[in-house]
>>> print(open('protein_5.cif').read())   # mmCIF, N, CA and C atoms
data_run
#
loop_
_atom_site.label_atom_id
_atom_site.label_comp_id
_atom_site.auth_asym_id
_atom_site.auth_seq_id
_atom_site.Cartn_x
_atom_site.Cartn_y
_atom_site.Cartn_z
N MET A 1 75.02 28.05 51.93
CA MET A 1 74.32 29.27 51.60
C MET A 1 74.45 30.25 52.77
N THR A 2 74.68 31.49 52.47
CA THR A 2 74.78 32.50 53.52
C THR A 2 73.49 33.30 53.59
N LEU A 3 73.24 33.84 54.79
CA LEU A 3 72.07 34.69 54.98
C LEU A 3 72.31 36.07 54.41
N SER A 4 73.54 36.57 54.58
CA SER A 4 73.92 37.86 54.02
C SER A 4 75.43 37.99 54.03
N ARG A 5 75.90 38.98 53.33
CA ARG A 5 77.33 39.29 53.28
C ARG A 5 77.49 40.73 53.76
N LEU A 6 78.43 40.92 54.68
CA LEU A 6 78.73 42.26 55.19
C LEU A 6 80.11 42.67 54.71
N VAL A 7 80.26 43.97 54.53
CA VAL A 7 81.56 44.53 54.21
C VAL A 7 81.99 45.32 55.45
N LEU A 8 83.05 44.83 56.11
CA LEU A 8 83.55 45.51 57.30
C LEU A 8 84.25 46.80 56.89
N THR A 9 84.43 47.70 57.84
CA THR A 9 85.11 48.96 57.53
C THR A 9 86.55 48.72 57.09
N SER A 10 87.12 47.58 57.45
CA SER A 10 88.47 47.21 57.00
C SER A 10 88.48 46.80 55.53
N GLY A 11 87.30 46.59 54.94
CA GLY A 11 87.18 46.14 53.56
C GLY A 11 86.97 44.64 53.43
N ARG A 12 87.17 43.91 54.50
CA ARG A 12 86.99 42.45 54.48
C ARG A 12 85.51 42.12 54.32
N ARG A 13 85.24 41.13 53.50
CA ARG A 13 83.87 40.63 53.33
C ARG A 13 83.69 39.42 54.24
N VAL A 14 82.60 39.42 54.99
CA VAL A 14 82.29 38.30 55.88
C VAL A 14 80.87 37.83 55.58
N ASP A 15 80.67 36.52 55.67
CA ASP A 15 79.37 35.92 55.40
C ASP A 15 78.69 35.53 56.70
N LEU A 16 77.44 35.87 56.81
CA LEU A 16 76.62 35.49 57.97
C LEU A 16 75.95 34.16 57.64
N GLY A 17 76.35 33.12 58.37
CA GLY A 17 75.83 31.79 58.09
C GLY A 17 74.71 31.36 59.01
N GLU A 18 74.67 31.94 60.20
CA GLU A 18 73.62 31.59 61.16
C GLU A 18 73.32 32.82 61.98
N LEU A 19 72.03 33.03 62.31
CA LEU A 19 71.62 34.20 63.08
C LEU A 19 70.49 33.83 64.01
N ARG A 20 70.65 34.18 65.29
CA ARG A 20 69.58 34.03 66.28
C ARG A 20 69.16 35.41 66.73
N LEU A 21 67.89 35.70 66.60
CA LEU A 21 67.32 36.96 67.08
C LEU A 21 66.38 36.64 68.23
N THR A 22 66.55 37.33 69.36
CA THR A 22 65.65 37.15 70.49
C THR A 22 65.29 38.51 71.05
N SER A 23 64.17 38.55 71.72
CA SER A 23 63.77 39.76 72.41
C SER A 23 64.68 39.96 73.62
N THR A 24 65.23 41.14 73.75
CA THR A 24 66.16 41.42 74.85
C THR A 24 65.51 41.15 76.20
N TYR A 25 64.27 41.56 76.35
CA TYR A 25 63.59 41.40 77.63
C TYR A 25 62.43 40.42 77.56
N GLY A 26 62.39 39.58 76.53
CA GLY A 26 61.34 38.58 76.40
C GLY A 26 61.37 37.60 77.56
N GLY A 27 60.23 37.30 78.11
CA GLY A 27 60.15 36.35 79.21
C GLY A 27 60.46 36.94 80.57
N MET A 28 60.69 38.23 80.63
CA MET A 28 60.98 38.87 81.92
C MET A 28 59.65 39.04 82.68
N LEU A 29 59.48 38.24 83.72
CA LEU A 29 58.22 38.23 84.45
C LEU A 29 58.19 39.27 85.57
N ASP A 30 59.27 39.39 86.29
CA ASP A 30 59.32 40.33 87.41
C ASP A 30 60.47 41.29 87.19
N GLY A 31 60.41 42.40 87.89
CA GLY A 31 61.50 43.36 87.82
C GLY A 31 61.32 44.34 86.68
N TYR A 32 62.41 44.96 86.33
CA TYR A 32 62.40 45.98 85.28
C TYR A 32 63.80 46.03 84.67
N PRO A 33 63.95 46.59 83.48
CA PRO A 33 65.27 46.68 82.86
C PRO A 33 66.19 47.58 83.69
N CYS A 34 67.27 47.01 84.19
CA CYS A 34 68.23 47.75 84.99
C CYS A 34 69.60 47.09 84.80
N ARG A 35 70.63 47.71 85.35
CA ARG A 35 71.99 47.20 85.14
C ARG A 35 72.14 45.72 85.53
N PRO A 36 71.68 45.27 86.71
CA PRO A 36 71.85 43.85 87.05
C PRO A 36 71.14 42.91 86.07
N VAL A 37 69.94 43.28 85.62
CA VAL A 37 69.21 42.46 84.65
C VAL A 37 69.97 42.41 83.33
N ASN A 38 70.47 43.56 82.89
CA ASN A 38 71.21 43.63 81.63
C ASN A 38 72.49 42.80 81.70
N GLU A 39 73.20 42.87 82.81
CA GLU A 39 74.43 42.09 82.97
C GLU A 39 74.14 40.59 82.92
N LEU A 40 73.05 40.17 83.56
CA LEU A 40 72.66 38.76 83.51
C LEU A 40 72.30 38.33 82.08
N ARG A 41 71.59 39.19 81.37
CA ARG A 41 71.19 38.88 79.99
C ARG A 41 72.43 38.72 79.10
N ILE A 42 73.39 39.64 79.24
CA ILE A 42 74.60 39.59 78.43
C ILE A 42 75.43 38.35 78.77
N LYS A 43 75.59 38.06 80.06
CA LYS A 43 76.34 36.86 80.47
C LYS A 43 75.67 35.60 79.93
N GLY A 44 74.35 35.56 79.95
CA GLY A 44 73.63 34.41 79.41
C GLY A 44 73.86 34.24 77.92
N LEU A 45 73.86 35.33 77.17
CA LEU A 45 74.12 35.27 75.74
C LEU A 45 75.55 34.78 75.47
N LEU A 46 76.51 35.29 76.25
CA LEU A 46 77.90 34.86 76.08
C LEU A 46 78.06 33.36 76.38
N ARG A 47 77.49 32.91 77.48
CA ARG A 47 77.56 31.48 77.84
C ARG A 47 76.93 30.61 76.76
N SER A 48 75.77 31.01 76.30
CA SER A 48 75.06 30.25 75.28
C SER A 48 75.86 30.18 73.98
N ALA A 49 76.42 31.30 73.55
CA ALA A 49 77.20 31.32 72.31
C ALA A 49 78.46 30.46 72.44
N GLU A 50 79.14 30.54 73.58
CA GLU A 50 80.34 29.73 73.79
C GLU A 50 80.01 28.24 73.80
N HIS A 51 78.85 27.89 74.34
CA HIS A 51 78.42 26.49 74.38
C HIS A 51 77.99 26.02 72.99
N ASP A 52 77.21 26.83 72.29
CA ASP A 52 76.66 26.42 70.99
C ASP A 52 77.69 26.42 69.87
N TYR A 53 78.71 27.27 69.97
CA TYR A 53 79.73 27.39 68.92
C TYR A 53 81.12 27.30 69.55
N PRO A 54 81.49 26.14 70.09
CA PRO A 54 82.72 26.02 70.88
C PRO A 54 84.01 26.20 70.09
N THR A 55 83.99 26.05 68.78
CA THR A 55 85.24 26.17 68.02
C THR A 55 85.53 27.60 67.57
N ALA A 56 84.54 28.46 67.61
CA ALA A 56 84.72 29.85 67.16
C ALA A 56 84.86 30.77 68.36
N PRO A 57 85.74 31.76 68.29
CA PRO A 57 85.79 32.75 69.36
C PRO A 57 84.48 33.54 69.38
N VAL A 58 84.15 34.07 70.55
CA VAL A 58 82.91 34.84 70.72
C VAL A 58 83.29 36.28 71.08
N HIS A 59 82.65 37.22 70.41
CA HIS A 59 82.91 38.64 70.66
C HIS A 59 81.59 39.36 70.92
N LEU A 60 81.57 40.18 71.96
CA LEU A 60 80.41 41.01 72.29
C LEU A 60 80.68 42.44 71.84
N ILE A 61 79.79 42.99 71.04
CA ILE A 61 79.85 44.41 70.71
C ILE A 61 79.13 45.13 71.85
N PRO A 62 79.83 46.00 72.58
CA PRO A 62 79.19 46.66 73.73
C PRO A 62 77.90 47.38 73.29
N PRO A 63 76.80 47.06 73.95
CA PRO A 63 75.53 47.65 73.53
C PRO A 63 75.35 49.07 74.05
N PRO A 64 74.58 49.87 73.32
CA PRO A 64 74.22 51.20 73.85
C PRO A 64 73.18 51.03 74.95
N HIS A 65 73.19 51.94 75.89
CA HIS A 65 72.21 51.93 76.99
C HIS A 65 71.40 53.21 76.95
N GLU A 66 70.12 53.10 77.24
CA GLU A 66 69.25 54.28 77.38
C GLU A 66 68.80 54.34 78.83
N TYR A 67 68.67 55.55 79.31
CA TYR A 67 68.23 55.78 80.69
C TYR A 67 66.98 56.65 80.67
N PRO A 68 65.81 56.01 80.48
CA PRO A 68 64.57 56.78 80.45
C PRO A 68 64.31 57.44 81.81
N ASP A 69 63.56 58.47 81.76
CA ASP A 69 63.27 59.24 82.98
C ASP A 69 62.17 58.55 83.77
N HIS A 70 62.55 57.47 84.46
CA HIS A 70 61.62 56.73 85.32
C HIS A 70 62.17 56.72 86.74
N TYR A 71 61.28 56.56 87.67
CA TYR A 71 61.69 56.48 89.07
C TYR A 71 62.52 55.21 89.27
N PRO A 72 63.72 55.33 89.89
CA PRO A 72 64.54 54.13 90.11
C PRO A 72 63.88 53.19 91.10
N GLY A 73 64.00 51.91 90.85
CA GLY A 73 63.46 50.89 91.74
C GLY A 73 64.52 50.38 92.69
N ALA A 74 64.26 49.21 93.24
CA ALA A 74 65.15 48.62 94.25
C ALA A 74 66.53 48.27 93.69
N PHE A 75 66.62 48.06 92.36
CA PHE A 75 67.89 47.66 91.76
C PHE A 75 68.58 48.81 91.03
N GLY A 76 68.15 50.01 91.29
CA GLY A 76 68.78 51.18 90.68
C GLY A 76 67.94 51.74 89.54
N PRO A 77 68.54 52.66 88.79
CA PRO A 77 67.79 53.32 87.72
C PRO A 77 67.43 52.37 86.58
N VAL A 78 66.40 52.73 85.85
CA VAL A 78 66.01 51.98 84.67
C VAL A 78 67.11 52.16 83.63
N GLU A 79 67.55 51.02 83.07
CA GLU A 79 68.60 51.04 82.04
C GLU A 79 68.15 50.09 80.93
N MET A 80 67.94 50.62 79.76
CA MET A 80 67.38 49.84 78.65
C MET A 80 68.45 49.56 77.59
N LEU A 81 68.44 48.30 77.12
CA LEU A 81 69.24 47.90 75.97
C LEU A 81 68.33 47.92 74.75
N PRO A 82 68.88 47.93 73.54
CA PRO A 82 68.02 47.82 72.35
C PRO A 82 67.17 46.55 72.43
N PRO A 83 66.01 46.56 71.80
CA PRO A 83 65.04 45.48 71.99
C PRO A 83 65.37 44.12 71.38
N VAL A 84 66.34 44.04 70.47
CA VAL A 84 66.63 42.76 69.82
C VAL A 84 68.07 42.36 70.10
N ALA A 85 68.25 41.17 70.70
CA ALA A 85 69.57 40.61 70.96
C ALA A 85 69.90 39.66 69.81
N CYS A 86 71.11 39.77 69.27
CA CYS A 86 71.51 39.00 68.09
C CYS A 86 72.78 38.20 68.37
N VAL A 87 72.78 36.95 67.91
CA VAL A 87 73.98 36.11 67.94
C VAL A 87 74.17 35.62 66.51
N GLY A 88 75.29 36.02 65.91
CA GLY A 88 75.55 35.65 64.52
C GLY A 88 76.87 34.93 64.36
N VAL A 89 76.88 33.93 63.49
CA VAL A 89 78.10 33.19 63.18
C VAL A 89 78.56 33.67 61.81
N PHE A 90 79.76 34.25 61.78
CA PHE A 90 80.31 34.83 60.55
C PHE A 90 81.53 34.02 60.11
N ARG A 91 81.70 33.97 58.78
CA ARG A 91 82.86 33.28 58.20
C ARG A 91 83.46 34.16 57.11
N SER A 92 84.76 33.98 56.91
CA SER A 92 85.46 34.72 55.87
C SER A 92 86.65 33.90 55.40
N THR A 93 87.47 34.49 54.55
CA THR A 93 88.69 33.83 54.09
C THR A 93 89.65 33.69 55.26
N ALA A 94 90.63 32.83 55.11
CA ALA A 94 91.61 32.59 56.17
C ALA A 94 92.37 33.87 56.52
N LEU A 95 92.74 33.97 57.79
CA LEU A 95 93.55 35.10 58.25
C LEU A 95 94.99 34.99 57.75
N THR A 96 95.48 33.77 57.69
CA THR A 96 96.84 33.51 57.24
C THR A 96 96.85 33.38 55.73
N PRO A 97 97.44 34.35 55.02
CA PRO A 97 97.36 34.34 53.55
C PRO A 97 98.00 33.11 52.89
N SER A 98 98.97 32.48 53.55
CA SER A 98 99.64 31.33 52.95
C SER A 98 98.79 30.05 52.99
N ARG A 99 97.71 30.07 53.74
CA ARG A 99 96.86 28.87 53.82
C ARG A 99 96.02 28.73 52.56
N ASP A 100 95.80 27.49 52.19
CA ASP A 100 95.01 27.17 51.00
C ASP A 100 93.57 27.67 51.22
N PRO A 101 93.08 28.58 50.33
CA PRO A 101 91.73 29.13 50.51
C PRO A 101 90.61 28.11 50.32
N ILE A 102 90.93 26.97 49.72
CA ILE A 102 89.93 25.91 49.55
C ILE A 102 89.78 25.13 50.86
N LEU A 103 90.85 25.02 51.62
CA LEU A 103 90.85 24.19 52.83
C LEU A 103 90.68 24.98 54.13
N TYR A 104 90.89 26.29 54.10
CA TYR A 104 90.85 27.08 55.33
C TYR A 104 89.96 28.31 55.19
N GLY A 105 89.39 28.69 56.30
CA GLY A 105 88.62 29.92 56.40
C GLY A 105 88.82 30.48 57.80
N SER A 106 88.15 31.57 58.09
CA SER A 106 88.18 32.13 59.45
C SER A 106 86.74 32.31 59.91
N HIS A 107 86.54 32.29 61.22
CA HIS A 107 85.18 32.42 61.75
C HIS A 107 85.19 33.18 63.07
N LEU A 108 84.03 33.74 63.38
CA LEU A 108 83.84 34.52 64.61
C LEU A 108 82.36 34.55 64.92
N THR A 109 82.01 34.30 66.17
CA THR A 109 80.63 34.44 66.64
C THR A 109 80.52 35.81 67.29
N ILE A 110 79.55 36.59 66.86
CA ILE A 110 79.39 37.97 67.35
C ILE A 110 78.03 38.12 68.00
N ILE A 111 78.03 38.79 69.15
CA ILE A 111 76.79 39.14 69.86
C ILE A 111 76.64 40.64 69.79
N TRP A 112 75.46 41.09 69.40
CA TRP A 112 75.18 42.53 69.37
C TRP A 112 73.69 42.75 69.61
N PHE A 113 73.34 43.99 69.85
CA PHE A 113 71.95 44.38 70.08
C PHE A 113 71.57 45.41 69.01
N GLN A 114 70.31 45.33 68.55
CA GLN A 114 69.85 46.29 67.54
C GLN A 114 68.39 46.64 67.78
N PRO A 115 67.94 47.74 67.19
CA PRO A 115 66.58 48.21 67.44
C PRO A 115 65.49 47.52 66.63
N HIS A 116 65.86 46.64 65.70
CA HIS A 116 64.89 46.02 64.81
C HIS A 116 65.26 44.55 64.57
N ALA A 117 64.35 43.81 63.97
CA ALA A 117 64.57 42.38 63.72
C ALA A 117 64.93 42.14 62.26
N ARG A 118 65.86 42.92 61.73
CA ARG A 118 66.31 42.76 60.34
C ARG A 118 67.68 42.10 60.30
N VAL A 119 67.92 41.36 59.24
CA VAL A 119 69.21 40.73 59.02
C VAL A 119 70.17 41.82 58.51
N PRO A 120 71.34 41.97 59.16
CA PRO A 120 72.29 42.98 58.67
C PRO A 120 72.82 42.56 57.30
N SER A 121 73.11 43.55 56.46
CA SER A 121 73.52 43.23 55.10
C SER A 121 74.41 44.32 54.52
N GLY A 122 75.37 43.91 53.70
CA GLY A 122 76.21 44.83 52.95
C GLY A 122 76.87 45.88 53.80
N CYS A 123 76.81 47.10 53.33
CA CYS A 123 77.37 48.25 54.05
C CYS A 123 76.33 48.90 54.94
N ASP A 124 75.11 48.35 54.97
CA ASP A 124 74.02 48.94 55.74
C ASP A 124 73.93 48.43 57.17
N ALA A 125 74.80 47.51 57.55
CA ALA A 125 74.81 47.00 58.93
C ALA A 125 75.24 48.13 59.86
N GLN A 126 74.83 48.04 61.11
CA GLN A 126 75.19 49.09 62.06
C GLN A 126 76.70 49.22 62.21
N ASP A 127 77.13 50.42 62.55
CA ASP A 127 78.56 50.74 62.60
C ASP A 127 79.36 49.81 63.51
N GLY A 128 78.84 49.49 64.69
CA GLY A 128 79.57 48.62 65.61
C GLY A 128 79.86 47.26 65.02
N LEU A 129 78.92 46.74 64.26
CA LEU A 129 79.10 45.43 63.63
C LEU A 129 80.12 45.52 62.49
N ARG A 130 80.03 46.56 61.70
CA ARG A 130 80.97 46.72 60.57
C ARG A 130 82.39 47.04 61.03
N ALA A 131 82.54 47.57 62.24
CA ALA A 131 83.86 47.96 62.75
C ALA A 131 84.60 46.84 63.48
N VAL A 132 84.04 45.64 63.50
CA VAL A 132 84.68 44.52 64.20
C VAL A 132 86.09 44.32 63.66
N ALA A 133 87.04 44.18 64.57
CA ALA A 133 88.45 43.97 64.20
C ALA A 133 88.67 42.49 63.90
N TRP A 134 88.24 42.06 62.73
CA TRP A 134 88.24 40.65 62.35
C TRP A 134 89.62 40.01 62.50
N GLU A 135 90.64 40.69 62.05
CA GLU A 135 91.98 40.12 62.06
C GLU A 135 92.48 39.82 63.48
N GLN A 136 92.01 40.58 64.47
CA GLN A 136 92.42 40.35 65.85
C GLN A 136 91.50 39.38 66.59
N LEU A 137 90.25 39.28 66.18
CA LEU A 137 89.26 38.52 66.95
C LEU A 137 88.92 37.14 66.37
N ALA A 138 88.95 37.01 65.07
CA ALA A 138 88.55 35.75 64.42
C ALA A 138 89.65 34.72 64.54
N ARG A 139 89.33 33.49 64.20
CA ARG A 139 90.29 32.39 64.25
C ARG A 139 90.17 31.56 62.97
N ASP A 140 91.30 31.13 62.45
CA ASP A 140 91.29 30.26 61.28
C ASP A 140 90.79 28.87 61.67
N TYR A 141 90.19 28.19 60.73
CA TYR A 141 89.74 26.81 60.93
C TYR A 141 89.92 26.05 59.63
N GLU A 142 90.03 24.75 59.75
CA GLU A 142 90.16 23.89 58.57
C GLU A 142 88.78 23.42 58.19
N LEU A 143 88.45 23.53 56.91
CA LEU A 143 87.12 23.13 56.41
C LEU A 143 86.91 21.64 56.48
#
>>> encode(input="protein_5.cif", output="C-alpha coordinates")
Amino acid sequence: MTLSRLVLTSGRRVDLGELRLTSTYGGMLDGYPCRPVNELRIKGLLRSAEHDYPTAPVHLIPPPHEYPDHYPGAFGPVEMLPPVACVGVFRSTALTPSRDPILYGSHLTIIWFQPHARVPSGCDAQDGLRAVAWEQLARDYEL
(Lines of atoms letter the chains of each structure in order from A and count residues from 1; the text may use other names and numbers.)
(Lines give C-alpha, C1' and ligand atoms only; values in the text may rest on other atoms or scores of the structure.)
Protein backbone atom coordinates (compact mmCIF):
# COMPACT_ATOMS: atom_id res chain seq x y z
CA MET A 1 0.00 0.00 0.00
CA THR A 2 1.29 3.46 -0.80
CA LEU A 3 0.81 6.60 1.25
CA SER A 4 0.34 8.73 -1.85
CA ARG A 5 1.12 8.97 -5.54
CA LEU A 6 2.91 11.96 -7.03
CA VAL A 7 3.05 13.03 -10.64
CA LEU A 8 6.48 14.45 -11.42
CA THR A 9 6.83 17.30 -13.90
CA SER A 10 8.33 14.72 -16.29
CA GLY A 11 4.95 12.91 -16.20
CA ARG A 12 6.31 9.89 -14.31
CA ARG A 13 4.12 8.62 -11.49
CA VAL A 14 5.94 7.72 -8.28
CA ASP A 15 4.53 6.10 -5.15
CA LEU A 16 5.45 7.21 -1.66
CA GLY A 17 5.84 4.07 0.42
CA GLU A 18 7.40 5.44 3.59
CA LEU A 19 7.60 8.94 5.07
CA ARG A 20 9.36 10.34 8.14
CA LEU A 21 8.42 13.82 9.27
CA THR A 22 10.48 15.53 11.97
CA SER A 23 10.72 19.00 13.36
CA THR A 24 13.68 20.73 11.73
CA TYR A 25 14.81 22.26 15.01
CA GLY A 26 13.16 19.83 17.44
CA GLY A 27 15.37 19.01 20.39
CA MET A 28 17.64 22.01 19.86
CA LEU A 29 18.56 22.93 23.43
CA ASP A 30 21.25 25.55 22.92
CA GLY A 31 22.13 27.92 20.14
CA TYR A 32 19.93 29.25 17.40
CA PRO A 33 19.15 28.40 13.76
CA CYS A 34 22.22 29.36 11.74
CA ARG A 35 24.29 27.99 8.86
CA PRO A 36 26.44 25.60 10.98
CA VAL A 37 23.35 24.18 12.74
CA ASN A 38 21.55 23.77 9.42
CA GLU A 39 24.54 22.02 7.83
CA LEU A 40 24.73 19.59 10.76
CA ARG A 41 20.99 18.90 10.52
CA ILE A 42 21.19 18.20 6.77
CA LYS A 43 24.28 15.97 7.15
CA GLY A 44 22.49 14.04 9.89
CA LEU A 45 19.44 13.48 7.68
CA LEU A 46 21.65 12.31 4.80
CA ARG A 47 23.59 9.90 7.04
CA SER A 48 20.40 8.53 8.57
CA ALA A 49 18.72 8.01 5.18
CA GLU A 50 21.81 6.28 3.73
CA HIS A 51 21.95 3.99 6.77
CA ASP A 52 18.21 3.23 6.91
CA TYR A 53 17.77 2.69 3.14
CA PRO A 54 21.15 1.36 1.94
CA THR A 55 19.92 -0.06 -1.39
CA ALA A 56 18.27 3.14 -2.66
CA PRO A 57 20.15 6.25 -3.73
CA VAL A 58 19.53 9.31 -1.55
CA HIS A 59 18.80 12.76 -2.97
CA LEU A 60 18.54 16.06 -1.09
CA ILE A 61 16.31 18.78 -2.51
CA PRO A 62 18.16 21.99 -1.57
CA PRO A 63 16.02 23.71 1.05
CA PRO A 64 15.02 27.37 0.97
CA HIS A 65 16.59 29.56 3.65
CA GLU A 66 15.06 32.55 5.42
CA TYR A 67 17.11 35.26 7.05
CA PRO A 68 14.93 36.98 9.66
CA ASP A 69 16.02 40.38 10.85
CA HIS A 70 17.66 39.26 14.10
CA TYR A 71 20.94 40.26 15.65
CA PRO A 72 23.64 37.77 14.55
CA GLY A 73 25.09 35.61 17.31
CA ALA A 74 28.46 33.96 17.74
CA PHE A 75 27.85 31.59 14.79
CA GLY A 76 26.72 34.24 12.32
CA PRO A 77 23.33 35.45 11.16
CA VAL A 78 20.10 33.65 11.92
CA GLU A 79 19.29 31.29 9.04
CA MET A 80 16.02 29.38 9.13
CA LEU A 81 14.99 26.27 7.21
CA PRO A 82 11.31 25.30 6.80
CA PRO A 83 9.97 23.77 10.02
CA VAL A 84 9.38 20.18 8.81
CA ALA A 85 12.17 17.88 7.60
CA CYS A 86 10.97 15.00 5.41
CA VAL A 87 12.56 11.72 4.35
CA GLY A 88 10.49 9.79 1.83
CA VAL A 89 11.04 6.48 0.05
CA PHE A 90 9.58 6.57 -3.46
CA ARG A 91 9.10 3.76 -5.97
CA SER A 92 8.12 3.68 -9.62
CA THR A 93 8.35 1.49 -12.71
CA ALA A 94 11.77 0.34 -13.86
CA LEU A 95 14.05 2.85 -15.57
CA THR A 96 15.09 0.27 -18.16
CA PRO A 97 12.04 -0.33 -20.38
CA SER A 98 13.18 -3.82 -21.43
CA ARG A 99 13.00 -5.10 -17.84
CA ASP A 100 9.99 -7.13 -16.79
CA PRO A 101 7.62 -4.71 -14.97
CA ILE A 102 6.50 -7.53 -12.66
CA LEU A 103 10.05 -8.24 -11.48
CA TYR A 104 11.67 -4.78 -11.54
CA GLY A 105 10.99 -1.29 -10.28
CA SER A 106 12.97 1.83 -9.50
CA HIS A 107 13.42 3.59 -6.17
CA LEU A 108 14.83 6.77 -4.67
CA THR A 109 15.00 8.14 -1.13
CA ILE A 110 14.37 11.90 -1.10
CA ILE A 111 15.04 14.43 1.65
CA TRP A 112 13.22 17.75 1.55
CA PHE A 113 11.91 20.46 3.86
CA GLN A 114 8.38 21.87 3.89
CA PRO A 115 6.35 24.39 5.89
CA HIS A 116 3.67 21.92 7.05
CA ALA A 117 3.23 18.33 8.22
CA ARG A 118 1.13 17.13 5.27
CA VAL A 119 1.78 14.14 3.04
CA PRO A 120 2.59 15.33 -0.50
CA SER A 121 0.10 14.09 -3.06
CA GLY A 122 -0.70 14.18 -6.77
CA CYS A 123 0.19 17.37 -8.57
CA ASP A 124 -0.13 19.38 -5.33
CA ALA A 125 3.33 18.47 -3.99
CA GLN A 126 5.81 21.32 -3.82
CA ASP A 127 7.63 22.18 -7.03
CA GLY A 128 11.07 21.01 -5.88
CA LEU A 129 9.72 17.55 -5.12
CA ARG A 130 7.79 17.27 -8.39
CA ALA A 131 10.85 18.41 -10.39
CA VAL A 132 13.10 15.56 -9.22
CA ALA A 133 15.05 14.13 -12.18
CA TRP A 134 13.96 10.55 -11.52
CA GLU A 135 15.64 9.06 -14.58
CA GLN A 136 19.04 10.42 -13.50
CA LEU A 137 18.76 9.88 -9.74
CA ALA A 138 16.75 6.69 -9.14
CA ARG A 139 18.06 3.14 -9.43
CA ASP A 140 16.40 -0.02 -10.68
CA TYR A 141 15.96 -2.91 -8.25
CA GLU A 142 14.67 -6.45 -8.48
CA LEU A 143 11.47 -7.12 -6.52
>>> closest_residue(input="protein_5.cif", among="A:Ile42, A:Leu108, A:Ala117, A:Leu6", to="Pro57 in chain A", atoms="all atoms listed in the file")
A:Leu108
>>> atom_distance(input="protein_5.cif", atom1="atom N of Ile110 in chain A", atom2="atom C of Met28 in chain A")
25.5 Å
>>> residues_around(input="protein_5.cif", residues="Val132 in chain A", least_positions_apart="6", cutoff="8 Å", atoms="all atoms listed in the file", output="number ranges by chain")
A: 8-10, 138
>>> closest_residue(input="protein_5.cif", among="A:Ser92, A:Leu103, A:Glu79, A:Val119", to="Pro36 in chain A", atoms="all atoms listed in the file")
A:Glu79
>>> atom_distance(input="protein_5.cif", atom1="atom C of Ala94 in chain A", atom2="atom C of Leu143 in chain A")
13.4 Å
>>> resolve_selection(input="protein_5.cif", expression="the PyMOL selection byres ((chain A and resi 63) around 7)", output="number ranges by chain")
A: 60-62, 64-65, 81-82, 112-113
>>> write_last_selection(input="protein_5.cif", atoms="N, CA and C atoms", output="CSV table (one decimal), keeping the file's coordinate frame")
chain,number,residue,atom,x,y,z
A,60,LEU,N,81.6,40.2,72.0
A,60,LEU,CA,80.4,41.0,72.3
A,60,LEU,C,80.7,42.4,71.8
A,61,ILE,N,79.8,43.0,71.0
A,61,ILE,CA,79.8,44.4,70.7
A,61,ILE,C,79.1,45.1,71.8
A,62,PRO,N,79.8,46.0,72.6
A,62,PRO,CA,79.2,46.7,73.7
A,62,PRO,C,77.9,47.4,73.3
A,64,PRO,N,74.6,49.9,73.3
A,64,PRO,CA,74.2,51.2,73.8
A,64,PRO,C,73.2,51.0,75.0
A,65,HIS,N,73.2,51.9,75.9
A,65,HIS,CA,72.2,51.9,77.0
A,65,HIS,C,71.4,53.2,77.0
A,81,LEU,N,68.4,48.3,77.1
A,81,LEU,CA,69.2,47.9,76.0
A,81,LEU,C,68.3,47.9,74.8
A,82,PRO,N,68.9,47.9,73.5
A,82,PRO,CA,68.0,47.8,72.4
A,82,PRO,C,67.2,46.6,72.4
A,112,TRP,N,75.5,41.1,69.4
A,112,TRP,CA,75.2,42.5,69.4
A,112,TRP,C,73.7,42.8,69.6
A,113,PHE,N,73.3,44.0,69.8
A,113,PHE,CA,72.0,44.4,70.1
A,113,PHE,C,71.6,45.4,69.0
>>> residues_near_point(input="protein_5.cif", point="(78.2, 28.9, 59.4)", cutoff="7 Å", atoms="only N, CA and C atoms", output="list in words")
Leu16, Gly17, Glu18, Val89, Phe90 and Arg91 of chain A
>>> atom_distance(input="protein_5.cif", atom1="atom C of Ala133 in chain A", atom2="atom C of Pro83 in chain A")
24.5 Å
>>> build_atoms(input="protein_5.cif", residues="range 91-100 of chain A", atoms="all heavy atoms", output="short mmCIF file (atom, residue, chain, number, x, y, z; two decimals), in the coordinates of the input")
data_model
loop_
_atom_site.label_atom_id
_atom_site.label_comp_id
_atom_site.auth_asym_id
_atom_site.auth_seq_id
_atom_site.Cartn_x
_atom_site.Cartn_y
_atom_site.Cartn_z
N ARG A 91 81.70 33.97 58.78
CA ARG A 91 82.86 33.28 58.20
C ARG A 91 83.46 34.16 57.11
O ARG A 91 82.75 34.94 56.48
CB ARG A 91 82.45 31.93 57.62
CG ARG A 91 82.09 30.93 58.69
CD ARG A 91 81.72 29.57 58.12
NE ARG A 91 81.58 28.57 59.15
CZ ARG A 91 80.58 28.50 60.03
NH1 ARG A 91 79.62 29.39 60.00
NH2 ARG A 91 80.54 27.54 60.93
N SER A 92 84.76 33.98 56.91
CA SER A 92 85.46 34.72 55.87
C SER A 92 86.65 33.90 55.40
O SER A 92 86.83 32.75 55.81
CB SER A 92 85.92 36.08 56.42
OG SER A 92 86.50 36.87 55.40
N THR A 93 87.47 34.49 54.55
CA THR A 93 88.69 33.83 54.09
C THR A 93 89.65 33.69 55.26
O THR A 93 89.52 34.38 56.28
CB THR A 93 89.34 34.62 52.95
OG1 THR A 93 89.60 35.95 53.43
CG2 THR A 93 88.44 34.69 51.73
N ALA A 94 90.63 32.83 55.11
CA ALA A 94 91.61 32.59 56.17
C ALA A 94 92.37 33.87 56.52
O ALA A 94 92.62 34.72 55.67
CB ALA A 94 92.58 31.50 55.74
N LEU A 95 92.74 33.97 57.79
CA LEU A 95 93.55 35.10 58.25
C LEU A 95 94.99 34.99 57.75
O LEU A 95 95.62 35.99 57.45
CB LEU A 95 93.54 35.15 59.78
CG LEU A 95 92.18 35.39 60.42
CD1 LEU A 95 92.26 35.14 61.93
CD2 LEU A 95 91.69 36.79 60.13
N THR A 96 95.48 33.77 57.69
CA THR A 96 96.84 33.51 57.24
C THR A 96 96.85 33.38 55.73
O THR A 96 96.31 32.40 55.19
CB THR A 96 97.39 32.21 57.90
OG1 THR A 96 97.19 32.30 59.31
CG2 THR A 96 98.85 32.02 57.59
N PRO A 97 97.44 34.35 55.02
CA PRO A 97 97.36 34.34 53.55
C PRO A 97 98.00 33.11 52.89
O PRO A 97 97.61 32.73 51.80
CB PRO A 97 98.11 35.60 53.13
CG PRO A 97 98.42 36.36 54.35
CD PRO A 97 98.16 35.49 55.54
N SER A 98 98.97 32.48 53.55
CA SER A 98 99.64 31.33 52.95
C SER A 98 98.79 30.05 52.99
O SER A 98 99.14 29.07 52.34
CB SER A 98 100.99 31.08 53.66
OG SER A 98 100.76 30.77 55.01
N ARG A 99 97.71 30.07 53.74
CA ARG A 99 96.86 28.87 53.82
C ARG A 99 96.02 28.73 52.56
O ARG A 99 95.56 29.71 51.97
CB ARG A 99 95.95 28.95 55.04
CG ARG A 99 96.75 28.77 56.32
CD ARG A 99 95.84 28.50 57.47
NE ARG A 99 96.61 27.91 58.55
CZ ARG A 99 96.20 27.87 59.78
NH1 ARG A 99 95.02 28.36 60.12
NH2 ARG A 99 96.94 27.30 60.71
N ASP A 100 95.80 27.49 52.19
CA ASP A 100 95.01 27.17 51.00
C ASP A 100 93.57 27.67 51.22
O ASP A 100 92.88 27.23 52.14
CB ASP A 100 95.03 25.66 50.80
CG ASP A 100 94.30 25.21 49.54
OD1 ASP A 100 93.47 25.97 49.01
OD2 ASP A 100 94.58 24.09 49.09
#
